[in-house]
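Novice: Before I ask anything, here is the structure I am working with.
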Amino acid sequence: MKTALIALTALLASTAVYAEGLPDRIKSAGKVIVANQPNYPPMEYKDPATNTLMGVDIDLGVALAKQLGITVEWADIGFEQMISSLETGRVDLIHSGMSDLPKRRDTLDFVDYMKSGAQFYTSAARKEEFKTPADFCGKTVGMSRRTSFPDETAKWSAANCEAKGLAAIKVVGTEGSADARAQLKQGRLDGAVQGSETLPYLMTLEKDTYAIVGEPITAVYQGIAFSKKDPALRDAYAEALKAIMASDEYKAVFAKHGLEGTMLDGIYINGEAAK
């Protein structure tokens, strides 16, 4: 009993260290309000049977909040409204598969927690036509217009298709990744681009439907986004992430979803290793 009390006291003391760095408004509320749109499995989605939030970001968000001695209130907000919701104080942070891009750092700070990349894929029925990404030169490829993928694909096309005298990829911005997959199945697209972390999960749901082509064409970190005006909250989360990395809880979250290959080796703030 005495040993258990000592362990519990140590745990509470450890949590309190990280909680002390939280802004007063978070301490008083005992929670963070987090922008998240659950339409990006396996990062965030709802169980069709129970409507329960699930995914890497959900599990990681709960683990981080627990480390800080607070709870999470998830706010279902469209991706395009997330940054404005953060700026107006509707939410405290964004944790929803958001890429840590240089152009976003003018208004946001990121605590990065995984690596990702833009990945070409096609239908399983056409996999023999597309052995490498270069086979998409001159073809029609779809991807969510709300992401960085259209710009990244266009840049890749300029360097790997047009620069070599091949026809440019015809980039089609879709209403979302699900729309791109639907158009691919309908034959309206030759291929599609999606985050490399999502495709293995989708391929387990729809067997013999898709084929991954080559390696990811980009390398980018995904991060938890904070307002530039809120460095204390950012730093508290960085310390909490460091703690769960040390305890293997971080690894357990990614292993649960089969994404161990996307884990980071340390703490990164705005794409740079923290000192």
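Identifiers in this document derive from the order of the structure tokens: chains are assigned A, B, ..., residues are numbered from 1 separately in each chain, and ligands are numbered from 1 in order of occurrence.
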For the structure I just gave you, how does DSSP split region 159-227 of chain A - specifically, which residues are strand (DSSP E or B)? Reply as a count of residues only.

Specialist: 21

Novice: Contacts of Glu87 (chain A) at 10 Å or less, counting only C-alpha atoms, minus same-chain residues fewer than 5 places along, as a PyMOL selection string?

Specialist: chain A and resi 82+92-93+107-108+226-229

Novice: With only C-alpha atoms as the basis for distance, which of A:Pro216, A:Gly78, A:Gly165, A:Gly191 is at the shortest distance from Ser116 (chain A)?

Specialist: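 Checking each of A:Pro216, A:Gly78, A:Gly165, A:Gly191 against Ser116 (chain A), counting only C-alpha atoms, the winner is A:Pro216.
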
Novice: As an MDAnalysis selection string, please: every residue in region 2-150 of chain A that DSSP puts in alpha helix (DSSP H).

Specialist: chainID A and resid 2:19 24:29 56:68 82:87 149:150

Novice: What are the closest atom pairs, with distances in Å to one decimal, for all residues of region 224-253 of chain A lying within 10 Å of region 39-59 of chain A? Consider only C-alpha atoms, order rows by chain and residue number, and present the result as JSON lines.

Specialist:
```
{"residue": "A:Ile224", "atom": "CA", "partner": "A:Asp57", "partner_atom": "CA", "distance": 9.3}
{"residue": "A:Tyr250", "atom": "CA", "partner": "A:Asp59", "partner_atom": "CA", "distance": 9.4}
{"residue": "A:Ala252", "atom": "CA", "partner": "A:Asp59", "partner_atom": "CA", "distance": 9.8}
{"residue": "A:Val253", "atom": "CA", "partner": "A:Asp59", "partner_atom": "CA", "distance": 6.5}
```
